[in-house]
Amino acid sequence: MKKYVTRRVFMGLLTIFVVFTINFIIIRLAPGDPISTIMGKDNDDPILRTALEEKYGFDKPMITQYAIYLKNALTGDLGISIIYNKEVMAMITERIVPTLLLVLTAAILAVIIGTLMGMYAAKNEGSKIDVIFSGAAYIFNSMPAFWLGLILIIIFSSVLGLLPSYGMINTRDAHTGFDYILDVIVHMVLPVCTLVLVEIPIYFRIAKSSILQVTNEDFIVTLRATGMSERKIFNKYILRNAILPTITIFGISLAYLITGVALIETVFAWPGTGSLMLTAINQRDYPTLMGIYLIMSISVAVVMVLVDIVYATFDPRIRF
Amino acid sequence: MLSVKKNTYATFKVINGDIQLKLGVFGILFLLLVGILSPILAPLDPYHYGQDILNGLGVNGHLLGTNHLGQDVFSMIIYGVRTSLMVAVISALISAVLGILIGGIAGYFGGKLDLIVSECINAFMMVPTFFLILLVIALFDNSITNVMIVIGLTTWPSNAKLIRAQALSLRERTFVKSAITMGESKTQILFKYIIPNGIFPVLANTTIGMSNAILTEAGLSFLGLGDPNVISWGQMIFMGKQYITSAWWIATFAGVAIVLTVTVFYLLGDGLNHVLNPKHSNGKGGE
């Protein structure tokens, strides 16, 4: 187990290193010199230029520059936003809580609903409900999440007028205490629904196919032959084996959600890292964009490693 | 001649036997037809900025209405097929070729090289691709060519992983060993035996990759990073977003087009998986 964990952590570190390197290369390859990239197109203050050149060591060889870049990033210095003139790191930490709130709520809801649907469909394979679920899984799997968000806005905000379509809180009347929480929840309904709807098919399909696969295995036939009740076989043996791939998929799709949520935040004007990213794109705020990319990649790597370790504790076969 | 006929019949039977594959193949043929015939099928020039601004469904002969620039939405959707298919095919090709070469070489030659390459593949698979693509497109140039190249360059690891596993098992097989004895060079063996025999899982994965490429392009366009010189469904949604309450048809139908196209590619990929890989046959008929 110890060896396995060490290997996975090493893998995660390697990934972060790869991301750093890609980031470094992208800055170098971007049109114009890196200082202009960092400073922005409209800003050409000679004092800032010399200060930045000194800070990042552009007079030194490439390897040293890379080392300086790594050292700066590792100490949490991701540069300064050229639009807001604030530290990128501080801006991201400010925005990360709403994003995580959205991502985690959606991920947990999707894994529960999707797996339950998959279990039901696998138990009643070929039934009408199975066909409907499987067909719907195809459609929702092919749906761009941002478009689904817009459609939900049309239906629930524009036509029915039931739910708010943008923001995290009602800015017109400031709520406090319990009302504040309620306000946030009401604003969360549509974005969370969008994410859950596009995530469900992933869990549905993996749960259904792995339950079917385990059911066909020899040891289940043996258990049936012993006369054990179907319910006990399902709960104790099939489910325990079939749930393992869901753990892996949870990690992968959580990683996908962390980055994919940006589009949804744009649709619903949710004040998270995604909308920060959008303004950064529109205003060509490169340091912020780079910073978000780094933070996202690191969170994804951390999630993946954690999931692998959780998986290994559930499935002893992996460890050896 | 007879064997050709027999082969065609066998292929047809396989396609007919799998519902997903059948729907997928018909869907792709339909999309190709629409793509080729778009100048005939589209009632108006989608690049023409007319006077009918934000017309509703069926108003002034515009089947699906017009957008804020007076373009005919139905014609735009017809022409959008071309963009989507182009993005899907070219980026998937780049990704497949890169993946096959890197994975094939690593799996076949093995040893230290394989160790390094496969660790790199694993590391690359953990990098959030959409964000990387977005970053490159935002920093460099948002032409459609660039979008396709970047999607191709960032999605090869899954292909590489599949072909590497194939190469690892293929190189132990007798026909490869006899080729070595016959004195064929390593490059020859790689291209003549390993890659052609191990390519099937990559084919299925590539069709899934195509649907992801379409979704990625749509996502980029939705963030305003699309190529302004081509008509793409993602951009229609991006533009329609501002008129979502007054002119819902601009974004809605473009999205429906994306859903249908991506579903077709998913069905094709799943169908190919069922047919090419007996393990996937859900236990029905594949015993």
# chains A, B, ... in the order shown; residues from 1 in each chain; ligands from 1
call {"tool": "closest_atom_pairs", "arguments": {"of": "chain B", "to": "chain A", "cutoff": "8 Å", "atoms": "only C-alpha atoms", "output": "JSON lines"}}
result
{"residue": "B:Glu119", "atom": "CA", "partner": "A:Met11", "partner_atom": "CA", "distance": 7.7}
{"residue": "B:Asn122", "atom": "CA", "partner": "A:Met11", "partner_atom": "CA", "distance": 7.9}
{"residue": "B:Ala123", "atom": "CA", "partner": "A:Thr15", "partner_atom": "CA", "distance": 4.6}
{"residue": "B:Phe124", "atom": "CA", "partner": "A:Thr15", "partner_atom": "CA", "distance": 6.8}
{"residue": "B:Met126", "atom": "CA", "partner": "A:Ala301", "partner_atom": "CA", "distance": 6.2}
{"residue": "B:Val127", "atom": "CA", "partner": "A:Ser297", "partner_atom": "CA", "distance": 6.1}
{"residue": "B:Pro128", "atom": "CA", "partner": "A:Ser297", "partner_atom": "CA", "distance": 6.1}
{"residue": "B:Phe130", "atom": "CA", "partner": "A:Thr259", "partner_atom": "CA", "distance": 7.3}
{"residue": "B:Phe131", "atom": "CA", "partner": "A:Thr259", "partner_atom": "CA", "distance": 6.6}
{"residue": "B:Leu132", "atom": "CA", "partner": "A:Tyr293", "partner_atom": "CA", "distance": 7.4}
{"residue": "B:Leu135", "atom": "CA", "partner": "A:Leu289", "partner_atom": "CA", "distance": 7.2}
{"residue": "B:Val136", "atom": "CA", "partner": "A:Ile26", "partner_atom": "CA", "distance": 7.3}
{"residue": "B:Ala138", "atom": "CA", "partner": "A:Ile281", "partner_atom": "CA", "distance": 6.5}
{"residue": "B:Leu139", "atom": "CA", "partner": "A:Ala30", "partner_atom": "CA", "distance": 6.2}
{"residue": "B:Phe140", "atom": "CA", "partner": "A:Ala30", "partner_atom": "CA", "distance": 6.1}
{"residue": "B:Ser211", "atom": "CA", "partner": "A:Ser142", "partner_atom": "CA", "distance": 7.8}
{"residue": "B:Leu215", "atom": "CA", "partner": "A:Pro144", "partner_atom": "CA", "distance": 6.3}
{"residue": "B:Ala218", "atom": "CA", "partner": "A:Pro144", "partner_atom": "CA", "distance": 7.7}
{"residue": "B:Gly219", "atom": "CA", "partner": "A:Leu263", "partner_atom": "CA", "distance": 7.3}
{"residue": "B:Leu223", "atom": "CA", "partner": "A:Leu278", "partner_atom": "CA", "distance": 7.1}
{"residue": "B:Ile237", "atom": "CA", "partner": "A:Trp147", "partner_atom": "CA", "distance": 7.2}
{"residue": "B:Lys241", "atom": "CA", "partner": "A:Leu150", "partner_atom": "CA", "distance": 7.4}
{"residue": "B:Ile244", "atom": "CA", "partner": "A:Ile154", "partner_atom": "CA", "distance": 6.9}
{"residue": "B:Thr245", "atom": "CA", "partner": "A:Ser158", "partner_atom": "CA", "distance": 6.2}
{"residue": "B:Trp248", "atom": "CA", "partner": "A:Ile154", "partner_atom": "CA", "distance": 7.5}
{"residue": "B:Ala251", "atom": "CA", "partner": "A:Trp147", "partner_atom": "CA", "distance": 7.6}
{"residue": "B:Thr252", "atom": "CA", "partner": "A:Ile151", "partner_atom": "CA", "distance": 7.1}
{"residue": "B:Gly255", "atom": "CA", "partner": "A:Trp147", "partner_atom": "CA", "distance": 6.1}
{"residue": "B:Ile258", "atom": "CA", "partner": "A:Met143", "partner_atom": "CA", "distance": 7.3}
{"residue": "B:Val259", "atom": "CA", "partner": "A:Met143", "partner_atom": "CA", "distance": 5.1}
{"residue": "B:Leu260", "atom": "CA", "partner": "A:Ser142", "partner_atom": "CA", "distance": 7.6}
{"residue": "B:Val262", "atom": "CA", "partner": "A:Ser142", "partner_atom": "CA", "distance": 5.3}
{"residue": "B:Thr263", "atom": "CA", "partner": "A:Ser142", "partner_atom": "CA", "distance": 5.4}
{"residue": "B:Tyr266", "atom": "CA", "partner": "A:Tyr138", "partner_atom": "CA", "distance": 7.7}
{"residue": "B:Asn282", "atom": "CA", "partner": "A:Leu212", "partner_atom": "CA", "distance": 7.4}
{"residue": "B:Gly283", "atom": "CA", "partner": "A:Asn216", "partner_atom": "CA", "distance": 7.7}
call {"tool": "select_by_dssp", "arguments": {"residues": "stretch 13-243 of chain B", "states": "alpha helix (DSSP H)", "output": "PDB file with C-alpha atoms, in the first residue's frame"}}
result
ATOM      1  CA  LYS B  13     -24.992  -8.178 -41.698  1.00  0.00           C
ATOM      2  CA  VAL B  14     -22.751  -6.964 -38.876  1.00  0.00           C
ATOM      3  CA  ILE B  15     -23.965  -3.401 -39.291  1.00  0.00           C
ATOM      4  CA  ASN B  16     -27.563  -4.554 -39.397  1.00  0.00           C
ATOM      5  CA  GLY B  17     -27.108  -6.718 -36.307  1.00  0.00           C
ATOM      6  CA  ILE B  19     -28.744  -1.235 -33.461  1.00  0.00           C
ATOM      7  CA  GLN B  20     -26.258   1.408 -32.327  1.00  0.00           C
ATOM      8  CA  LEU B  21     -23.966   0.792 -35.285  1.00  0.00           C
ATOM      9  CA  LYS B  22     -26.907   0.890 -37.678  1.00  0.00           C
ATOM     10  CA  LEU B  23     -28.160   4.221 -36.342  1.00  0.00           C
ATOM     11  CA  GLY B  24     -24.611   5.573 -36.277  1.00  0.00           C
ATOM     12  CA  VAL B  25     -23.788   4.620 -39.867  1.00  0.00           C
ATOM     13  CA  PHE B  26     -27.075   6.010 -41.196  1.00  0.00           C
ATOM     14  CA  GLY B  27     -26.588   9.166 -39.166  1.00  0.00           C
ATOM     15  CA  ILE B  28     -23.082   9.747 -40.499  1.00  0.00           C
ATOM     16  CA  LEU B  29     -24.223   9.156 -44.085  1.00  0.00           C
ATOM     17  CA  PHE B  30     -27.033  11.649 -43.545  1.00  0.00           C
ATOM     18  CA  LEU B  31     -24.663  14.255 -42.090  1.00  0.00           C
ATOM     19  CA  LEU B  32     -22.195  13.768 -44.948  1.00  0.00           C
ATOM     20  CA  LEU B  33     -24.993  14.186 -47.463  1.00  0.00           C
ATOM     21  CA  VAL B  34     -26.164  17.393 -45.786  1.00  0.00           C
ATOM     22  CA  GLY B  35     -22.578  18.638 -45.686  1.00  0.00           C
ATOM     23  CA  ILE B  36     -22.006  17.968 -49.382  1.00  0.00           C
ATOM     24  CA  SER B  38     -25.574  22.293 -48.201  1.00  0.00           C
ATOM     25  CA  PRO B  39     -25.618  24.857 -51.071  1.00  0.00           C
ATOM     26  CA  ILE B  40     -28.657  23.057 -52.526  1.00  0.00           C
ATOM     27  CA  LEU B  41     -30.431  22.322 -49.241  1.00  0.00           C
ATOM     28  CA  VAL B  73     -31.021  30.349 -39.011  1.00  0.00           C
ATOM     29  CA  PHE B  74     -32.016  27.233 -40.978  1.00  0.00           C
ATOM     30  CA  SER B  75     -29.383  27.899 -43.650  1.00  0.00           C
ATOM     31  CA  MET B  76     -26.769  28.555 -40.963  1.00  0.00           C
ATOM     32  CA  ILE B  77     -27.534  25.208 -39.340  1.00  0.00           C
ATOM     33  CA  ILE B  78     -27.214  23.412 -42.703  1.00  0.00           C
ATOM     34  CA  TYR B  79     -23.843  25.043 -43.342  1.00  0.00           C
ATOM     35  CA  GLY B  80     -22.771  24.381 -39.755  1.00  0.00           C
ATOM     36  CA  VAL B  81     -22.671  20.659 -40.544  1.00  0.00           C
ATOM     37  CA  ARG B  82     -19.593  21.303 -42.669  1.00  0.00           C
ATOM     38  CA  THR B  83     -17.709  23.034 -39.856  1.00  0.00           C
ATOM     39  CA  SER B  84     -18.589  20.372 -37.315  1.00  0.00           C
ATOM     40  CA  LEU B  85     -17.635  17.466 -39.572  1.00  0.00           C
ATOM     41  CA  MET B  86     -14.387  19.181 -40.558  1.00  0.00           C
ATOM     42  CA  VAL B  87     -13.423  19.821 -36.940  1.00  0.00           C
ATOM     43  CA  ALA B  88     -14.353  16.265 -35.973  1.00  0.00           C
ATOM     44  CA  VAL B  89     -12.483  14.515 -38.758  1.00  0.00           C
ATOM     45  CA  ILE B  90      -9.297  16.575 -38.911  1.00  0.00           C
ATOM     46  CA  SER B  91      -8.694  16.851 -35.176  1.00  0.00           C
ATOM     47  CA  ALA B  92      -9.467  13.162 -34.671  1.00  0.00           C
ATOM     48  CA  LEU B  93      -7.069  12.260 -37.487  1.00  0.00           C
ATOM     49  CA  ILE B  94      -4.244  14.273 -35.936  1.00  0.00           C
ATOM     50  CA  SER B  95      -4.963  12.713 -32.563  1.00  0.00           C
ATOM     51  CA  ALA B  96      -5.139   9.183 -34.001  1.00  0.00           C
ATOM     52  CA  VAL B  97      -1.909   9.449 -36.012  1.00  0.00           C
ATOM     53  CA  LEU B  98       0.019  10.917 -33.080  1.00  0.00           C
ATOM     54  CA  GLY B  99      -1.429   8.408 -30.634  1.00  0.00           C
ATOM     55  CA  ILE B 100      -0.768   5.419 -32.884  1.00  0.00           C
ATOM     56  CA  LEU B 101       2.829   6.438 -33.568  1.00  0.00           C
ATOM     57  CA  ILE B 102       3.738   7.277 -29.970  1.00  0.00           C
ATOM     58  CA  GLY B 103       1.833   4.388 -28.387  1.00  0.00           C
ATOM     59  CA  GLY B 104       2.895   1.898 -31.046  1.00  0.00           C
ATOM     60  CA  ILE B 105       6.572   2.740 -30.752  1.00  0.00           C
ATOM     61  CA  ALA B 106       6.454   2.656 -26.951  1.00  0.00           C
ATOM     62  CA  GLY B 107       4.602  -0.640 -26.798  1.00  0.00           C
ATOM     63  CA  TYR B 108       6.608  -2.382 -29.485  1.00  0.00           C
ATOM     64  CA  PHE B 109      10.110  -1.321 -28.502  1.00  0.00           C
ATOM     65  CA  GLY B 111      12.054  -1.247 -22.123  1.00  0.00           C
ATOM     66  CA  LYS B 112      13.142   2.117 -20.774  1.00  0.00           C
ATOM     67  CA  LEU B 113      11.596   3.988 -23.693  1.00  0.00           C
ATOM     68  CA  ASP B 114       8.203   2.462 -22.944  1.00  0.00           C
ATOM     69  CA  LEU B 115       8.529   3.263 -19.251  1.00  0.00           C
ATOM     70  CA  ILE B 116       9.235   6.926 -19.928  1.00  0.00           C
ATOM     71  CA  VAL B 117       6.614   7.297 -22.658  1.00  0.00           C
ATOM     72  CA  SER B 118       3.860   5.543 -20.723  1.00  0.00           C
ATOM     73  CA  GLU B 119       4.510   7.641 -17.603  1.00  0.00           C
ATOM     74  CA  CYS B 120       4.298  10.717 -19.843  1.00  0.00           C
ATOM     75  CA  ILE B 121       1.027   9.438 -21.322  1.00  0.00           C
ATOM     76  CA  ASN B 122      -0.353   8.961 -17.805  1.00  0.00           C
ATOM     77  CA  ALA B 123       0.748  12.424 -16.804  1.00  0.00           C
ATOM     78  CA  PHE B 124      -0.760  13.934 -19.958  1.00  0.00           C
ATOM     79  CA  MET B 125      -4.056  12.182 -19.312  1.00  0.00           C
ATOM     80  CA  THR B 129      -7.427  19.339 -21.831  1.00  0.00           C
ATOM     81  CA  PHE B 130     -10.250  21.803 -22.372  1.00  0.00           C
ATOM     82  CA  PHE B 131      -8.440  24.407 -20.340  1.00  0.00           C
ATOM     83  CA  LEU B 132      -5.174  23.853 -22.172  1.00  0.00           C
ATOM     84  CA  ILE B 133      -6.916  24.187 -25.546  1.00  0.00           C
ATOM     85  CA  LEU B 134      -8.665  27.314 -24.342  1.00  0.00           C
ATOM     86  CA  LEU B 135      -5.413  28.846 -23.136  1.00  0.00           C
ATOM     87  CA  VAL B 136      -3.590  28.183 -26.402  1.00  0.00           C
ATOM     88  CA  ILE B 137      -6.461  29.479 -28.531  1.00  0.00           C
ATOM     89  CA  ALA B 138      -6.800  32.617 -26.379  1.00  0.00           C
ATOM     90  CA  LEU B 139      -3.074  33.356 -26.482  1.00  0.00           C
ATOM     91  CA  ILE B 144     -10.576  27.169 -37.140  1.00  0.00           C
ATOM     92  CA  THR B 145      -7.337  25.543 -38.367  1.00  0.00           C
ATOM     93  CA  ASN B 146      -5.682  26.342 -35.071  1.00  0.00           C
ATOM     94  CA  VAL B 147      -8.635  24.986 -33.119  1.00  0.00           C
ATOM     95  CA  MET B 148      -8.467  21.682 -34.993  1.00  0.00           C
ATOM     96  CA  ILE B 149      -4.705  21.332 -34.599  1.00  0.00           C
ATOM     97  CA  VAL B 150      -4.784  22.116 -30.890  1.00  0.00           C
ATOM     98  CA  ILE B 151      -7.625  19.659 -30.235  1.00  0.00           C
ATOM     99  CA  GLY B 152      -5.652  16.999 -32.116  1.00  0.00           C
ATOM    100  CA  LEU B 153      -2.427  17.753 -30.279  1.00  0.00           C
ATOM    101  CA  THR B 154      -4.040  17.526 -26.839  1.00  0.00           C
ATOM    102  CA  TRP B 156      -3.752  11.791 -28.427  1.00  0.00           C
ATOM    103  CA  PRO B 157      -2.876  10.191 -25.035  1.00  0.00           C
ATOM    104  CA  SER B 158      -5.986   7.981 -24.862  1.00  0.00           C
ATOM    105  CA  ASN B 159      -5.255   6.630 -28.354  1.00  0.00           C
ATOM    106  CA  ALA B 160      -1.624   6.071 -27.442  1.00  0.00           C
ATOM    107  CA  LYS B 161      -2.641   4.134 -24.360  1.00  0.00           C
ATOM    108  CA  LEU B 162      -4.920   1.818 -26.346  1.00  0.00           C
ATOM    109  CA  ILE B 163      -2.437   1.029 -29.105  1.00  0.00           C
ATOM    110  CA  ARG B 164       0.387   0.569 -26.599  1.00  0.00           C
ATOM    111  CA  ALA B 165      -1.570  -2.166 -24.829  1.00  0.00           C
ATOM    112  CA  GLN B 166      -2.245  -3.807 -28.199  1.00  0.00           C
ATOM    113  CA  ALA B 167       1.412  -3.616 -29.243  1.00  0.00           C
ATOM    114  CA  LEU B 168       2.520  -5.144 -25.939  1.00  0.00           C
ATOM    115  CA  SER B 169       0.472  -8.282 -26.579  1.00  0.00           C
ATOM    116  CA  LEU B 170       0.944  -8.395 -30.361  1.00  0.00           C
ATOM    117  CA  THR B 174       3.926 -16.004 -33.350  1.00  0.00           C
ATOM    118  CA  PHE B 175       3.386 -14.149 -36.611  1.00  0.00           C
ATOM    119  CA  VAL B 176       5.390 -11.193 -35.353  1.00  0.00           C
ATOM    120  CA  LYS B 177       8.151 -13.460 -34.051  1.00  0.00           C
ATOM    121  CA  SER B 178       8.349 -15.250 -37.399  1.00  0.00           C
ATOM    122  CA  ALA B 179       8.601 -11.896 -39.141  1.00  0.00           C
ATOM    123  CA  ILE B 180      11.582 -11.120 -36.918  1.00  0.00           C
ATOM    124  CA  THR B 181      13.142 -14.447 -37.876  1.00  0.00           C
ATOM    125  CA  LYS B 186      11.720  -3.248 -36.672  1.00  0.00           C
ATOM    126  CA  THR B 187      10.152  -0.323 -38.525  1.00  0.00           C
ATOM    127  CA  GLN B 188       8.692  -2.711 -41.093  1.00  0.00           C
ATOM    128  CA  ILE B 189       7.222  -4.913 -38.392  1.00  0.00           C
ATOM    129  CA  ILE B 195      -0.228  -1.109 -36.143  1.00  0.00           C
ATOM    130  CA  PRO B 196      -2.654  -2.697 -38.674  1.00  0.00           C
ATOM    131  CA  ASN B 197      -3.554  -5.440 -36.200  1.00  0.00           C
ATOM    132  CA  GLY B 198      -3.877  -3.226 -33.155  1.00  0.00           C
ATOM    133  CA  PHE B 200      -9.360  -1.438 -34.016  1.00  0.00           C
ATOM    134  CA  PRO B 201      -9.757  -0.102 -30.473  1.00  0.00           C
ATOM    135  CA  VAL B 202      -8.295   3.185 -31.709  1.00  0.00           C
ATOM    136  CA  LEU B 203     -10.940   3.351 -34.433  1.00  0.00           C
ATOM    137  CA  ALA B 204     -13.762   3.109 -31.915  1.00  0.00           C
ATOM    138  CA  ASN B 205     -12.027   5.572 -29.609  1.00  0.00           C
ATOM    139  CA  THR B 206     -11.518   7.974 -32.500  1.00  0.00           C
ATOM    140  CA  THR B 207     -15.238   8.252 -33.218  1.00  0.00           C
ATOM    141  CA  ILE B 208     -15.793   9.092 -29.541  1.00  0.00           C
ATOM    142  CA  GLY B 209     -12.946  11.592 -29.924  1.00  0.00           C
ATOM    143  CA  MET B 210     -14.781  13.133 -32.869  1.00  0.00           C
ATOM    144  CA  SER B 211     -17.853  13.835 -30.764  1.00  0.00           C
ATOM    145  CA  ASN B 212     -15.656  15.349 -28.074  1.00  0.00           C
ATOM    146  CA  ALA B 213     -13.959  17.519 -30.686  1.00  0.00           C
ATOM    147  CA  ILE B 214     -17.346  18.862 -31.817  1.00  0.00           C
ATOM    148  CA  LEU B 215     -18.281  19.640 -28.202  1.00  0.00           C
ATOM    149  CA  THR B 216     -14.905  21.295 -27.581  1.00  0.00           C
ATOM    150  CA  GLU B 217     -15.230  23.507 -30.639  1.00  0.00           C
ATOM    151  CA  ALA B 218     -18.745  24.451 -29.562  1.00  0.00           C
ATOM    152  CA  GLY B 219     -17.485  25.268 -26.053  1.00  0.00           C
ATOM    153  CA  LEU B 220     -14.691  27.454 -27.394  1.00  0.00           C
ATOM    154  CA  SER B 221     -17.085  29.279 -29.707  1.00  0.00           C
ATOM    155  CA  PHE B 222     -19.470  29.763 -26.819  1.00  0.00           C
ATOM    156  CA  TRP B 233     -23.242  26.000 -34.143  1.00  0.00           C
ATOM    157  CA  GLY B 234     -21.294  26.965 -31.031  1.00  0.00           C
ATOM    158  CA  GLN B 235     -21.077  30.539 -32.254  1.00  0.00           C
ATOM    159  CA  MET B 236     -24.795  30.593 -33.003  1.00  0.00           C
ATOM    160  CA  ILE B 237     -25.429  29.673 -29.369  1.00  0.00           C
ATOM    161  CA  PHE B 238     -22.905  32.308 -28.264  1.00  0.00           C
ATOM    162  CA  MET B 239     -24.702  34.988 -30.273  1.00  0.00           C
ATOM    163  CA  GLY B 240     -28.155  33.696 -29.412  1.00  0.00           C
TER     164      GLY B 240
END
call {"tool": "residues_around", "arguments": {"residues": "stretch 70-85 of chain A", "least_positions_apart": "3", "cutoff": "7 Å", "atoms": "only C-alpha atoms", "output": "ChimeraX atom specification"}}
result
/A:39-40,66-67,88-89,285,287-288,291
call {"tool": "residues_around", "arguments": {"residues": "A:Pro201", "least_positions_apart": "6", "cutoff": "12 Å", "atoms": "only C-alpha atoms", "output": "NGL selection string"}}
result
:A and (110-118 or 133-143 or 195 or 207-209 or 249 or 253)
call {"tool": "atom_distance", "arguments": {"atom1": "atom CA of B:Gly58", "atom2": "atom CA of B:Asp72"}}
result
10.7 Å
call {"tool": "closest_residue", "arguments": {"among": "B:Leu190, B:Leu225, B:Leu57, B:Val256", "to": "B:Arg171", "atoms": "only C-alpha atoms"}}
result
B:Leu190
